[in-house]
Amino acid sequence: MPSFEESLTRLEAIVAQLERGDLPLEDSVRLFEEGTQLSELCRKQLEQAEGKVEMLVKQREGAMKRQPFE
């Protein structure tokens with residue numbers, strides 16, 4: 001599975017190609033489908049990363065406590 005950065009780079013390239021508007025319809029549809037899949041993959045990877053992110057919160061006694069970042 002490609003990394004988030006690889007997927008995002010490819011997605012940006014697809015958008016640039018589609019925005020030019022010089023591709024045959026079949027190629028545009030194929031790229032659109034690939035872009036949709038990459039977008040979903042990026043969304044899932046971001047959701048997973050969000051679930052892993054934690055922040056440290058200082059408690060009254062000065063100790064640090066981990067809690068999920070919202």
# chains A, B, ... in the order shown; residues from 1 in each chain; ligands from 1
>>> residues_around(residues="Thr36 (chain A)", least_positions_apart="6", cutoff="12 Å", atoms="only C-alpha atoms", output="list in words")
Ser7, Leu8, Arg10, Leu11, Glu12, Ile14, Val15, Val29, Arg30, Cys42 and Arg43 of chain A
>>> write_last_selection(atoms="N, CA and C atoms", output="PDB file, in the first residue's frame")
ATOM      1  N   SER A   7       0.351   8.696  -2.154  1.00  0.00           N
ATOM      2  CA  SER A   7      -1.030   8.764  -2.648  1.00  0.00           C
ATOM      3  C   SER A   7      -1.428  10.197  -2.949  1.00  0.00           C
ATOM      4  N   LEU A   8      -1.064  11.116  -2.059  1.00  0.00           N
ATOM      5  CA  LEU A   8      -1.419  12.515  -2.248  1.00  0.00           C
ATOM      6  C   LEU A   8      -0.720  13.105  -3.468  1.00  0.00           C
ATOM      7  N   ARG A  10       0.286  11.470  -6.134  1.00  0.00           N
ATOM      8  CA  ARG A  10      -0.362  10.907  -7.326  1.00  0.00           C
ATOM      9  C   ARG A  10      -1.725  11.571  -7.557  1.00  0.00           C
ATOM     10  N   LEU A  11      -2.468  11.791  -6.491  1.00  0.00           N
ATOM     11  CA  LEU A  11      -3.774  12.435  -6.601  1.00  0.00           C
ATOM     12  C   LEU A  11      -3.639  13.851  -7.154  1.00  0.00           C
ATOM     13  N   GLU A  12      -2.636  14.585  -6.699  1.00  0.00           N
ATOM     14  CA  GLU A  12      -2.394  15.931  -7.218  1.00  0.00           C
ATOM     15  C   GLU A  12      -2.055  15.898  -8.705  1.00  0.00           C
ATOM     16  N   ILE A  14      -3.057  13.615 -10.848  1.00  0.00           N
ATOM     17  CA  ILE A  14      -4.301  13.282 -11.555  1.00  0.00           C
ATOM     18  C   ILE A  14      -5.167  14.519 -11.717  1.00  0.00           C
ATOM     19  N   VAL A  15      -5.298  15.289 -10.651  1.00  0.00           N
ATOM     20  CA  VAL A  15      -6.109  16.509 -10.709  1.00  0.00           C
ATOM     21  C   VAL A  15      -5.546  17.459 -11.764  1.00  0.00           C
ATOM     22  N   VAL A  29     -12.025   9.277 -17.482  1.00  0.00           N
ATOM     23  CA  VAL A  29     -12.828   8.446 -16.586  1.00  0.00           C
ATOM     24  C   VAL A  29     -11.931   7.525 -15.776  1.00  0.00           C
ATOM     25  N   ARG A  30     -10.943   6.930 -16.420  1.00  0.00           N
ATOM     26  CA  ARG A  30     -10.009   6.045 -15.725  1.00  0.00           C
ATOM     27  C   ARG A  30      -9.255   6.807 -14.637  1.00  0.00           C
ATOM     28  N   CYS A  42      -6.501   8.038   1.173  1.00  0.00           N
ATOM     29  CA  CYS A  42      -5.950   9.135   1.975  1.00  0.00           C
ATOM     30  C   CYS A  42      -6.861   9.433   3.165  1.00  0.00           C
ATOM     31  N   ARG A  43      -8.156   9.441   2.947  1.00  0.00           N
ATOM     32  CA  ARG A  43      -9.095   9.711   4.023  1.00  0.00           C
ATOM     33  C   ARG A  43      -8.962   8.671   5.139  1.00  0.00           C
TER      34      ARG A  43
END
>>> atom_distance(atom1="CA of Leu46 (chain A)", atom2="CA of Glu19 (chain A)")
25.2 Å
>>> atom_distance(atom1="CA of Ser28 (chain A)", atom2="CA of Glu6 (chain A)")
20.6 Å
>>> select_by_dssp(residues="region 7-61 of chain A", states="strand (DSSP E or B)", output="PyMOL selection string")
chain A and resi 54-58
>>> decode(residues="region 16-60 of chain A", atoms="N, CA and C atoms", output="short mmCIF file (atom, residue, chain, number, x, y, z; two decimals), in the first residue's frame")
data_model
loop_
_atom_site.label_atom_id
_atom_site.label_comp_id
_atom_site.auth_asym_id
_atom_site.auth_seq_id
_atom_site.Cartn_x
_atom_site.Cartn_y
_atom_site.Cartn_z
N ALA A 16 -4.22 17.60 -11.79
CA ALA A 16 -3.60 18.49 -12.78
C ALA A 16 -3.89 18.01 -14.20
N GLN A 17 -3.82 16.70 -14.43
CA GLN A 17 -4.11 16.16 -15.76
C GLN A 17 -5.56 16.40 -16.14
N LEU A 18 -6.46 16.16 -15.22
CA LEU A 18 -7.89 16.35 -15.51
C LEU A 18 -8.23 17.81 -15.74
N GLU A 19 -7.57 18.70 -15.00
CA GLU A 19 -7.84 20.13 -15.16
C GLU A 19 -7.39 20.67 -16.51
N ARG A 20 -6.39 20.04 -17.10
CA ARG A 20 -5.94 20.47 -18.43
C ARG A 20 -7.04 20.27 -19.46
N GLY A 21 -7.83 19.21 -19.28
CA GLY A 21 -8.96 18.96 -20.17
C GLY A 21 -8.59 18.48 -21.55
N ASP A 22 -7.40 17.97 -21.76
CA ASP A 22 -6.98 17.55 -23.09
C ASP A 22 -6.93 16.03 -23.26
N LEU A 23 -7.48 15.29 -22.30
CA LEU A 23 -7.46 13.83 -22.37
C LEU A 23 -8.72 13.30 -23.04
N PRO A 24 -8.60 12.17 -23.72
CA PRO A 24 -9.80 11.52 -24.24
C PRO A 24 -10.71 11.12 -23.07
N LEU A 25 -11.98 10.98 -23.34
CA LEU A 25 -12.97 10.69 -22.31
C LEU A 25 -12.63 9.43 -21.53
N GLU A 26 -12.22 8.37 -22.22
CA GLU A 26 -11.90 7.11 -21.53
C GLU A 26 -10.76 7.29 -20.54
N ASP A 27 -9.74 8.04 -20.93
CA ASP A 27 -8.61 8.29 -20.03
C ASP A 27 -9.04 9.14 -18.84
N SER A 28 -9.89 10.13 -19.10
CA SER A 28 -10.38 10.98 -18.02
C SER A 28 -11.19 10.17 -17.00
N VAL A 29 -12.03 9.28 -17.48
CA VAL A 29 -12.83 8.45 -16.59
C VAL A 29 -11.93 7.52 -15.78
N ARG A 30 -10.94 6.93 -16.42
CA ARG A 30 -10.01 6.04 -15.73
C ARG A 30 -9.26 6.81 -14.64
N LEU A 31 -8.77 8.00 -14.97
CA LEU A 31 -8.06 8.81 -13.99
C LEU A 31 -8.98 9.26 -12.86
N PHE A 32 -10.22 9.60 -13.20
CA PHE A 32 -11.17 9.99 -12.17
C PHE A 32 -11.41 8.84 -11.19
N GLU A 33 -11.56 7.63 -11.70
CA GLU A 33 -11.75 6.45 -10.85
C GLU A 33 -10.53 6.23 -9.95
N GLU A 34 -9.34 6.34 -10.52
CA GLU A 34 -8.12 6.18 -9.73
C GLU A 34 -8.04 7.26 -8.66
N GLY A 35 -8.38 8.48 -9.03
CA GLY A 35 -8.36 9.58 -8.07
C GLY A 35 -9.35 9.38 -6.93
N THR A 36 -10.51 8.85 -7.25
CA THR A 36 -11.52 8.57 -6.23
C THR A 36 -11.00 7.53 -5.24
N GLN A 37 -10.36 6.50 -5.75
CA GLN A 37 -9.79 5.46 -4.89
C GLN A 37 -8.66 6.02 -4.02
N LEU A 38 -7.81 6.84 -4.60
CA LEU A 38 -6.73 7.45 -3.84
C LEU A 38 -7.27 8.39 -2.77
N SER A 39 -8.29 9.14 -3.09
CA SER A 39 -8.91 10.04 -2.13
C SER A 39 -9.45 9.27 -0.93
N GLU A 40 -10.09 8.15 -1.20
CA GLU A 40 -10.63 7.31 -0.12
C GLU A 40 -9.49 6.72 0.72
N LEU A 41 -8.43 6.29 0.07
CA LEU A 41 -7.27 5.76 0.78
C LEU A 41 -6.66 6.83 1.69
N CYS A 42 -6.50 8.04 1.17
CA CYS A 42 -5.95 9.14 1.97
C CYS A 42 -6.86 9.43 3.17
N ARG A 43 -8.16 9.44 2.95
CA ARG A 43 -9.10 9.71 4.02
C ARG A 43 -8.96 8.67 5.14
N LYS A 44 -8.86 7.39 4.75
CA LYS A 44 -8.72 6.32 5.74
C LYS A 44 -7.40 6.45 6.50
N GLN A 45 -6.33 6.77 5.79
CA GLN A 45 -5.03 6.93 6.45
C GLN A 45 -5.05 8.10 7.43
N LEU A 46 -5.73 9.17 7.07
CA LEU A 46 -5.83 10.32 7.97
C LEU A 46 -6.65 9.97 9.21
N GLU A 47 -7.73 9.22 9.02
CA GLU A 47 -8.54 8.80 10.16
C GLU A 47 -7.74 7.91 11.12
N GLN A 48 -6.93 7.02 10.56
CA GLN A 48 -6.10 6.16 11.40
C GLN A 48 -5.07 6.99 12.17
N ALA A 49 -4.45 7.93 11.50
CA ALA A 49 -3.46 8.78 12.15
C ALA A 49 -4.11 9.63 13.24
N GLU A 50 -5.28 10.14 12.96
CA GLU A 50 -5.99 10.95 13.94
C GLU A 50 -6.25 10.14 15.22
N GLY A 51 -6.60 8.87 15.05
CA GLY A 51 -6.86 8.02 16.20
C GLY A 51 -5.62 7.75 17.03
N LYS A 52 -4.45 7.85 16.41
CA LYS A 52 -3.20 7.57 17.11
C LYS A 52 -2.61 8.81 17.80
N VAL A 53 -3.04 9.96 17.36
CA VAL A 53 -2.48 11.19 17.92
C VAL A 53 -2.99 11.37 19.34
N GLU A 54 -2.08 11.61 20.22
CA GLU A 54 -2.42 11.88 21.61
C GLU A 54 -1.76 13.18 22.02
N MET A 55 -2.33 13.79 23.02
CA MET A 55 -1.68 14.97 23.56
C MET A 55 -1.46 14.75 25.04
N LEU A 56 -0.46 15.41 25.54
CA LEU A 56 -0.15 15.33 26.96
C LEU A 56 -0.83 16.50 27.66
N VAL A 57 -1.53 16.20 28.72
CA VAL A 57 -2.24 17.22 29.47
C VAL A 57 -1.67 17.28 30.87
N LYS A 58 -1.35 18.46 31.30
CA LYS A 58 -0.78 18.63 32.63
C LYS A 58 -1.92 18.57 33.66
N GLN A 59 -1.75 17.70 34.62
CA GLN A 59 -2.72 17.59 35.69
C GLN A 59 -2.34 18.53 36.82
N ARG A 60 -3.23 18.68 37.79
CA ARG A 60 -3.01 19.61 38.90
C ARG A 60 -1.71 19.35 39.66
#
